[in-house]
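K.L.:
The following file, work.cif, comprises mmCIF, C-alpha atoms:
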data_target
loop_
_atom_site.label_atom_id
_atom_site.label_comp_id
_atom_site.auth_asym_id
_atom_site.auth_seq_id
_atom_site.Cartn_x
_atom_site.Cartn_y
_atom_site.Cartn_z
CA MET A 21 134.28 74.58 87.58
CA SER A 22 130.72 73.32 87.26
CA ILE A 23 129.38 70.24 89.04
CA ASN A 24 129.40 68.39 85.69
CA GLN A 25 133.14 69.03 85.41
CA ILE A 26 133.83 67.86 88.97
CA LEU A 27 131.74 64.66 88.93
CA PRO A 28 133.92 62.75 86.40
CA PHE A 29 137.01 63.43 88.54
CA ILE A 30 135.21 61.97 91.58
CA SER A 31 134.19 58.92 89.48
CA THR A 32 137.80 58.55 88.33
CA ALA A 33 139.10 58.62 91.91
CA ILE A 34 136.56 55.96 92.96
CA MET A 35 137.40 53.79 89.96
CA LEU A 36 141.12 54.10 90.69
CA GLY A 37 140.62 52.83 94.24
CA PHE A 38 138.27 50.13 92.96
CA THR A 39 140.80 49.00 90.30
CA VAL A 40 143.65 48.77 92.83
CA TYR A 41 141.41 46.77 95.19
CA VAL A 42 140.42 44.27 92.45
CA PHE A 43 144.01 43.83 91.20
CA GLN A 44 145.14 43.23 94.80
CA ARG A 45 142.54 40.47 95.04
CA PHE A 46 143.80 39.01 91.77
CA PHE A 47 147.38 38.84 93.04
CA VAL A 48 146.22 37.20 96.31
CA ARG A 49 143.61 34.80 94.90
CA ARG A 50 145.02 34.22 91.38
CA ASN A 51 141.48 34.07 90.04
CA LEU A 52 141.29 35.24 86.42
CA ALA A 53 137.86 36.81 87.04
CA PHE A 54 139.60 39.49 89.12
CA LEU A 55 142.12 40.09 86.32
CA TYR A 56 139.36 40.65 83.74
CA TRP A 57 137.37 42.86 86.13
CA GLY A 58 140.55 44.80 86.91
CA ILE A 59 141.21 45.38 83.20
CA GLY A 60 137.59 46.50 82.69
CA LEU A 61 137.71 48.79 85.71
CA ALA A 62 141.03 50.30 84.61
CA MET A 63 139.42 51.01 81.23
CA PHE A 64 136.36 52.50 82.96
CA GLY A 65 138.63 54.71 85.09
CA ALA A 66 140.66 55.80 82.06
CA GLY A 67 137.42 56.59 80.22
CA SER A 68 136.12 58.63 83.19
CA PHE A 69 139.38 60.55 83.42
CA ALA A 70 139.37 61.20 79.67
CA GLU A 71 135.80 62.45 79.91
CA ALA A 72 136.75 64.76 82.76
CA TYR A 73 139.74 66.06 80.79
CA LEU A 74 137.66 66.62 77.66
CA SER A 75 135.19 68.72 79.64
CA LEU A 76 138.08 71.19 80.12
CA ALA A 77 140.26 70.93 76.98
CA TRP A 78 140.88 69.05 73.73
CA ASN A 79 143.49 66.39 73.15
CA LYS A 80 143.10 63.83 70.39
CA TRP A 81 144.84 61.01 72.32
CA VAL A 82 142.64 61.62 75.33
CA PHE A 83 139.71 61.30 72.93
CA PHE A 84 141.26 58.04 71.68
CA VAL A 85 141.32 56.73 75.27
CA TRP A 86 137.78 57.94 75.93
CA TYR A 87 136.29 56.26 72.87
CA LEU A 88 138.26 53.03 72.87
CA PHE A 89 138.26 52.31 76.61
CA GLY A 90 135.33 54.38 77.89
CA ALA A 91 132.78 53.88 75.10
CA ALA A 92 133.80 50.63 73.40
CA LEU A 93 135.71 48.10 75.47
CA ASN A 94 135.26 48.46 79.24
CA ALA A 95 131.81 46.87 79.64
CA ALA A 96 132.89 43.80 77.66
CA TRP A 97 135.95 43.20 79.87
CA LEU A 98 133.96 43.74 83.06
CA GLY A 99 131.32 41.31 81.85
CA HIS A 100 134.00 38.84 80.84
CA GLY A 101 135.12 38.67 84.48
CA THR A 102 131.59 37.68 85.47
CA LEU A 103 131.43 35.11 82.66
CA ASN A 104 134.60 33.55 84.05
CA LEU A 105 132.71 32.69 87.23
CA LEU A 106 129.62 31.31 85.53
CA VAL A 107 130.67 29.06 82.65
CA ARG A 108 133.19 26.32 82.03
CA LYS A 109 136.79 27.48 81.79
CA SER A 110 137.36 25.93 78.35
CA TRP A 111 134.61 28.19 76.95
CA VAL A 112 135.98 31.22 78.78
CA HIS A 113 139.41 30.71 77.20
CA VAL A 114 137.87 30.70 73.71
CA VAL A 115 135.87 33.86 74.45
CA THR A 116 138.95 35.48 76.04
CA LEU A 117 140.86 34.91 72.82
CA ALA A 118 137.99 36.38 70.78
CA LEU A 119 137.81 39.38 73.14
CA ILE A 120 141.56 40.03 72.88
CA VAL A 121 141.47 39.80 69.07
CA GLY A 122 138.33 41.98 68.96
CA SER A 123 139.92 44.58 71.28
CA LEU A 124 143.09 44.72 69.16
CA PHE A 125 141.00 45.05 66.01
CA ALA A 126 138.97 47.91 67.57
CA THR A 127 142.26 49.58 68.57
CA TYR A 128 143.51 49.28 64.97
CA LEU A 129 140.25 50.76 63.61
CA MET A 130 140.42 53.60 66.14
CA LEU A 131 143.99 54.39 65.09
CA GLN A 132 142.77 54.44 61.48
CA ALA A 133 140.04 56.94 62.45
CA MET A 134 142.37 59.36 64.26
CA PRO A 135 143.55 61.37 61.19
CA LYS A 136 139.91 61.80 60.09
CA LEU A 137 138.62 63.43 63.29
CA ASP A 138 136.57 66.58 62.68
CA THR A 139 138.15 68.50 65.57
CA ALA A 140 136.61 71.82 64.51
CA VAL A 141 133.29 70.79 66.10
CA PHE A 142 134.76 70.13 69.55
CA THR A 143 133.47 72.27 72.38
CA THR A 144 133.88 72.06 76.16
CA ASP A 145 130.27 73.27 76.53
CA LYS A 146 128.86 69.79 75.86
CA PRO A 147 129.79 66.35 77.23
CA ILE A 148 132.03 64.46 74.82
CA SER A 149 129.36 61.76 74.58
CA GLU A 150 127.05 64.33 72.91
CA GLN A 151 129.55 65.33 70.22
CA TYR A 152 131.68 62.30 69.35
CA GLY A 153 129.65 60.98 66.44
CA THR A 154 128.28 62.43 63.22
CA LYS A 155 124.57 61.58 63.08
CA VAL A 156 122.26 61.45 60.08
CA LEU A 157 119.16 63.60 60.52
CA GLU A 158 116.03 61.68 59.61
CA ALA A 159 113.10 63.38 57.85
CA GLY A 160 111.18 65.49 60.38
CA GLN A 161 113.98 65.55 62.93
CA THR A 162 114.94 68.97 64.21
CA ILE A 163 118.54 70.08 64.40
CA PRO A 164 119.74 70.07 68.03
CA ALA A 165 120.64 73.46 69.49
CA ASP A 166 124.28 74.57 69.07
CA SER A 167 124.90 71.93 66.39
CA GLU A 168 126.44 72.27 62.96
CA THR A 169 125.16 70.27 60.00
CA ILE A 170 126.63 69.06 56.75
CA SER A 171 125.11 67.69 53.55
CA THR A 172 126.92 64.65 52.31
CA THR A 173 126.49 61.36 50.49
CA TYR A 174 126.14 58.38 52.79
CA ARG A 175 125.43 54.83 51.61
CA GLY A 176 124.49 56.20 48.17
CA LYS A 177 122.01 58.77 49.51
CA GLU A 178 122.21 62.51 49.91
CA VAL A 179 121.77 63.15 53.66
CA THR A 180 121.95 65.96 56.16
CA ALA A 181 123.97 65.11 59.26
CA VAL A 182 124.86 66.74 62.55
CA ARG A 183 128.62 67.07 62.60
CA GLY A 184 130.58 65.11 65.17
CA LEU A 185 134.19 64.24 65.83
CA LEU A 186 134.03 60.81 64.17
CA PRO A 187 132.84 61.00 60.54
CA LEU A 188 129.81 59.08 59.25
CA GLY A 189 130.40 55.38 58.79
CA THR A 190 133.67 55.25 60.73
CA PRO A 191 134.27 51.47 61.02
CA VAL A 192 135.27 51.57 64.70
CA ARG A 193 131.76 52.76 65.58
CA LEU A 194 130.32 49.55 64.15
CA THR A 195 132.32 47.47 66.63
CA THR A 196 131.03 49.29 69.73
CA PRO A 197 127.53 47.71 69.89
CA PHE A 198 129.06 44.21 69.78
CA PHE A 199 131.25 44.92 72.81
CA ASN A 200 128.46 46.69 74.66
CA ILE A 201 125.83 44.02 74.03
CA TYR A 202 128.30 41.36 75.18
CA GLY A 203 129.18 43.49 78.24
CA LEU A 204 125.57 44.19 79.14
CA PHE A 205 124.56 40.56 78.71
CA THR A 206 127.44 39.13 80.76
CA LEU A 207 127.93 41.84 83.41
CA VAL A 208 124.32 42.69 84.18
CA GLY A 209 122.83 39.37 83.11
CA GLY A 210 125.55 37.48 84.99
CA ALA A 211 125.04 39.52 88.15
CA ILE A 212 121.25 39.03 88.01
CA TRP A 213 121.69 35.30 87.37
CA SER A 214 124.19 34.95 90.26
CA ALA A 215 121.86 36.85 92.61
CA TYR A 216 118.99 34.59 91.54
CA LEU A 217 121.04 31.39 92.12
CA PHE A 218 122.09 32.43 95.63
CA TRP A 219 118.53 33.60 96.40
CA ARG A 220 117.02 30.32 95.15
CA LYS A 221 119.46 28.26 97.24
CA ARG A 222 118.74 30.54 100.22
CA VAL A 223 122.45 31.07 100.87
CA MET A 224 124.94 33.94 100.90
CA PRO A 225 122.54 36.87 101.41
CA ASN A 226 125.49 39.26 101.06
CA ARG A 227 126.13 38.00 97.52
CA VAL A 228 122.45 38.34 96.58
CA ILE A 229 122.52 42.01 97.56
CA ALA A 230 126.04 42.55 96.15
CA ASN A 231 125.06 41.22 92.72
CA ILE A 232 121.94 43.37 92.65
CA LEU A 233 124.08 46.44 93.45
CA ILE A 234 126.53 45.51 90.66
CA ALA A 235 123.68 45.00 88.16
CA ALA A 236 122.00 48.26 89.19
CA GLY A 237 125.32 50.11 88.93
CA ALA A 238 126.03 48.78 85.45
CA LEU A 239 122.48 49.58 84.32
CA SER A 240 122.75 53.16 85.59
CA ILE A 241 125.48 53.80 82.99
CA GLY A 242 123.24 52.33 80.30
CA PHE A 243 120.40 54.62 81.37
CA ALA A 244 122.63 57.68 81.58
CA SER A 245 124.08 56.97 78.12
CA THR A 246 120.61 56.52 76.65
CA LEU A 247 119.44 59.80 78.23
CA THR A 248 122.51 61.52 76.79
CA ARG A 249 121.67 60.33 73.28
CA LEU A 250 118.12 61.62 73.81
CA GLY A 251 119.51 65.06 74.61
CA TYR A 252 119.73 64.93 78.40
CA GLY A 253 123.51 64.84 78.65
CA GLN A 254 123.56 66.56 82.04
CA TYR A 255 122.72 63.22 83.72
CA LEU A 256 125.63 61.28 82.23
CA TYR A 257 128.29 62.14 84.77
CA PHE A 258 125.89 61.65 87.65
CA GLY A 259 124.96 58.22 86.23
CA GLU A 260 128.63 57.25 85.99
CA LEU A 261 129.27 58.34 89.56
CA ILE A 262 126.28 56.29 90.77
CA ALA A 263 127.59 53.32 88.75
CA ALA A 264 131.09 53.60 90.24
CA ILE A 265 129.71 53.83 93.80
CA LEU A 266 127.15 51.00 93.46
CA MET A 267 129.57 48.59 91.79
CA PHE A 268 132.32 49.35 94.32
CA ILE A 269 129.96 48.76 97.25
CA GLY A 270 128.69 45.60 95.51
CA PHE A 271 132.20 44.16 95.08
CA ARG A 272 133.18 44.99 98.66
CA TYR A 273 129.92 43.55 99.97
CA ALA A 274 130.38 40.31 98.00
CA ALA A 275 133.86 39.84 99.48
CA ARG A 276 132.73 40.56 103.04
CA PRO A 277 133.14 37.57 105.38
CA GLN A 278 129.88 36.23 106.73
CA PRO A 279 129.42 36.73 110.46
CA ASP A 280 127.16 33.77 111.14
CA GLU A 281 129.35 30.78 110.34
CA VAL A 282 127.52 27.63 111.37
CA VAL A 283 129.38 24.79 113.03
CA VAL A 284 128.05 21.48 111.76
CA GLN A 285 128.58 18.07 113.34
CA GLU A 286 129.21 15.56 110.60
CA THR A 287 129.53 11.80 110.96
CA ILE A 288 132.23 10.68 108.59
CA PRO A 289 133.41 7.08 108.08
CA ALA A 290 136.96 6.54 109.33
CA SER A 291 137.94 5.22 105.93
CA ALA A 292 137.18 8.58 104.43
CA ASP A 293 139.87 10.30 106.51
CA MET B 21 132.62 5.98 113.20
CA PRO B 22 134.24 9.10 114.54
CA ASN B 23 132.38 12.35 114.61
CA LYS B 24 134.02 15.15 112.74
CA THR B 25 133.34 18.82 113.31
CA SER B 26 133.47 21.08 110.31
CA THR B 27 132.54 24.65 109.62
CA ASN B 28 129.82 25.40 107.12
CA ASN B 29 130.53 28.95 106.04
CA LYS B 30 127.48 29.24 103.82
CA SER B 31 125.36 31.71 105.71
CA HIS B 32 121.66 31.47 105.02
CA ILE B 33 118.99 33.89 103.95
CA PRO B 34 116.85 34.71 106.98
CA PRO B 35 113.33 33.21 106.77
CA ASN B 36 110.29 35.50 106.61
CA SER B 37 112.42 38.49 105.66
CA LEU B 38 110.49 41.15 103.75
CA LEU B 39 113.70 42.11 101.92
CA PHE B 40 114.44 38.59 100.67
CA GLU B 41 110.86 37.39 100.23
CA LYS B 42 109.36 40.39 98.43
CA ILE B 43 111.81 43.17 97.55
CA ILE B 44 114.70 41.10 96.15
CA PRO B 45 112.53 39.00 93.78
CA ALA B 46 110.79 42.15 92.56
CA LEU B 47 114.18 43.85 91.99
CA LEU B 48 115.53 40.82 90.14
CA ILE B 49 112.52 40.80 87.80
CA LEU B 50 112.75 44.57 87.27
CA LEU B 51 116.49 44.47 86.53
CA GLY B 52 115.99 41.51 84.20
CA VAL B 53 113.26 43.30 82.26
CA ILE B 54 115.37 46.48 81.97
CA THR B 55 118.40 44.48 80.83
CA PHE B 56 116.35 42.60 78.25
CA GLY B 57 114.91 45.91 77.01
CA LEU B 58 118.36 47.50 76.73
CA ILE B 59 119.75 44.48 74.88
CA LEU B 60 116.85 44.60 72.42
CA PHE B 61 117.40 48.34 72.02
CA ALA B 62 121.14 47.89 71.41
CA ALA B 63 120.43 45.08 68.95
CA GLY B 64 117.96 47.39 67.19
CA VAL B 65 120.67 50.04 66.85
CA LEU B 66 123.12 47.43 65.57
CA LEU B 67 120.69 46.10 62.98
CA GLY B 68 119.57 49.56 61.93
CA PHE B 69 115.96 49.30 63.17
CA VAL B 70 116.55 52.04 65.72
CA HIS B 71 118.14 55.27 64.50
CA PHE B 72 120.25 56.51 67.35
#
For this file, write the structure as structure tokens.

P.N.:
Amino acid sequence: MSINQILPFISTAIMLGFTVYVFQRFFVRRNLAFLYWGIGLAMFGAGSFAEAYLSLAWNKWVFFVWYLFGAALNAAWLGHGTLNLLVRKSWVHVVTLALIVGSLFATYLMLQAMPKLDTAVFTTDKPISEQYGTKVLEAGQTIPADSETISTTYRGKEVTAVRGLLPLGTPVRLTTPFFNIYGLFTLVGGAIWSAYLFWRKRVMPNRVIANILIAAGALSIGFASTLTRLGYGQYLYFGELIAAILMFIGFRYAARPQPDEVVVQETIPASAD
Amino acid sequence: MPNKTSTNNKSHIPPNSLLFEKIIPALLILLGVITFGLILFAAGVLLGFVHF
């Protein structure tokens, strides 16, 4: 096994421990933020495991899990947990409903795409993130090494495309950016905003650092995914491992009790007792 | 009026700390800029301005 085949299994193990830890906190604290984070982390873990599996062998339902949970939904659910802490609950409930409906709709579209998968192009030589989608070649673009092309009609034009597992224009692919923009905005933006608020108020230094670790972890996946699309797929698994480690440390650090509790003498009117 | 003792569990950021005075603000700005850039990039992909 190569290092790129081992790394996703390590990420999966970390995410599994992380998911159990967050769900335990949900059952103790009954805070919905932990439930949403737990769902997002479980999806992240399932996506990592699917990615690890697909680096060794093909299975269309493992691909289903990888695309739906790993590529489309997990960031949105993670970010939704952060949103739950930052905005009024009435708004969160509306967005939760929209997220559930959106997730079910994406699941339906993914099920619709399953019979159309072009499985002949699958190879264990490349990360699944480099071969899942059929991509139109623009004028002047060179064909990537080890890729197969097709000529087809797309949006009324004759185009040449690099073959991928999901055909051109598969509707489920159109939903992914919505979930990922929402996830990036709420998870990373929310963590940066929380860190800034604590820093500005000069309190909870552990939460300032924890939120920066969570933001950096989430961004490392974004970077690794972008590098993959630019042809540097060898960094993807490393980026995911870094993300899993940074976010786990961030969550643990945020929950750590503060050692320097300050005892304050307050003068309180007797009537207030 | 009776005195009441309570515990304030909000620990405070240490004053004159290089980490919290210089490094953290710089990191926050850097992460914010990267996030903004990635959101613009993702929006560009969504709207078809960026072919990805």

K.L.:
Here's the selection I'm unsure about, the PyMOL selection byres ((chain A and resi 49-54) around 12); applied to the file above, which residues does it give, as number ranges by chain?

P.N.:
A: 38-48, 55-62, 97-107, 109, 112-113, 116, 207, 271, 275

K.L.:
Could you tell me which residues the PyMOL selection byres ((chain A and resi 258) around 12) grabs in this file, written as a VMD selection string?

P.N.:
chain A and resid 23 to 31 68 237 240 to 241 243 to 245 247 to 248 252 to 257 259 to 265

K.L.:
Report, in Å with one decimal, the straight-line distance from CA of Glu150 (chain A) to CA of Phe61 (chain B).

P.N.:
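Calculated distance between CA of Glu150 (chain A) and CA of Phe61 (chain B) is 18.7 Å.
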
K.L.:
Please write as a ChimeraX atom specification the full residue list that the PyMOL selection byres ((chain B and resi 55) around 9) yields on this file.

P.N.:
/A:204-205,208-209,239 /B:50-54,56-60

K.L.:
With distances taken over only C-alpha atoms, which of A:Ala230, A:Trp78, A:Thr246, A:Gly122 is nearest to Phe268 (chain A)?

P.N.:
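Looking at the shortest contact to Phe268 (chain A), the residue is A:Ala230.
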
K.L.:
For chain A, which residue out of B:Leu48, B:Gly68, B:Ile43, B:Leu38 is the nearest one, using all atoms listed in the file?

P.N.:
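For chain A, the nearest of the candidates is B:Leu48.
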
K.L.:
Would you please work out which residue, of A:Phe125, A:Tyr73, A:Tyr216, A:Phe142, is nearest to chain B when using all atoms listed in the file?

P.N.:
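Of the candidates, the smallest distance to chain B is held by A:Tyr216.
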
K.L.:
Find the spatial neighbours of Thr172 (chain A), counting all atoms listed in the file, within a cut-off of 12 Å - ignore same-chain residues fewer than 3 positions away - and output them as a list in words.

P.N.:
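Those residues are Thr154, Lys155, Val156, Leu157, Thr169, Arg175, Gly176, Lys177, Glu178, Val179, Thr180, Ala181, Val182, Arg183, Pro187, Leu188 and Gly189 of chain A.
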
K.L.:
Could you check how far CA of Gly184 (chain A) sits from CA of Ala63 (chain B), in Å to one decimal?

P.N.:
22.8 Å

K.L.:
Mind pulling up the distance from CA of Asn200 (chain A) to CA of Ala92 (chain A)?

P.N.:
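Going from CA of Ala92 (chain A) over to CA of Asn200 (chain A), I get 6.8 Å.
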
K.L.:
Counting all atoms listed in the file, find the residues whose atoms lie at most 10 Å from (129.8, 44.7, 68.0) (file coordinates) and write them out as JSON, numbers by chain.

P.N.:
{"A": [92, 122, 126, 192, 193, 194, 195, 196, 197, 198, 199, 200, 201, 202], "B": [62, 63, 66]}

K.L.:
Return the single residue from A:Trp213, A:Phe64, A:Trp86, A:Trp219 that is closest to Pro147 (chain A), with distances computed using only C-alpha atoms.

P.N.:
A:Trp86

K.L.:
From the options A:Gln161, A:Ser171, A:Asn79, A:Ser123, which residue's atoms come nearest to chain B, counting only C-alpha atoms?

P.N.:
A:Gln161

K.L.:
Here's a test: counting all atoms listed in the file, identify every protein, DNA and RNA residue with an atom at most 7 Å from (143.0, 51.2, 71.9) in the file's coordinate frame, and state them as a PyMOL selection string.

P.N.:
chain A and resi 85+88-89+126-127+130

K.L.:
Let me have the centre and edge lengths in Å, one decimal, of the box along x, y and z around every listed atom of region 46-53 of chain B with 3 Å of margin on each side, as lines of an AutoDock Vina configuration file.

P.N.:
center_x = 113.6
center_y = 42.7
center_z = 87.4
size_x = 11.7
size_y = 9.8
size_z = 16.3

K.L.:
From the set A:Gly67, A:Ala96, A:Gly160, A:Met21, which residue has the shortest atom-to-atom contact distance to Val82 (chain A), counting only C-alpha atoms?

P.N.:
A:Gly67

K.L.:
Excluding Ala140 (chain A) and its own-chain neighbours fewer than 2 positions away, which residues fall within 12 Å of it when counting all atoms listed in the file? Please give them as a list in words.

P.N.:
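What passes the distance filter is Trp78, Lys80, Lys136, Leu137, Asp138, Phe142, Thr143, Thr144, Gln151, Tyr152, Ser167, Glu168, Arg183, Gly184, Leu185 and Leu186 of chain A.
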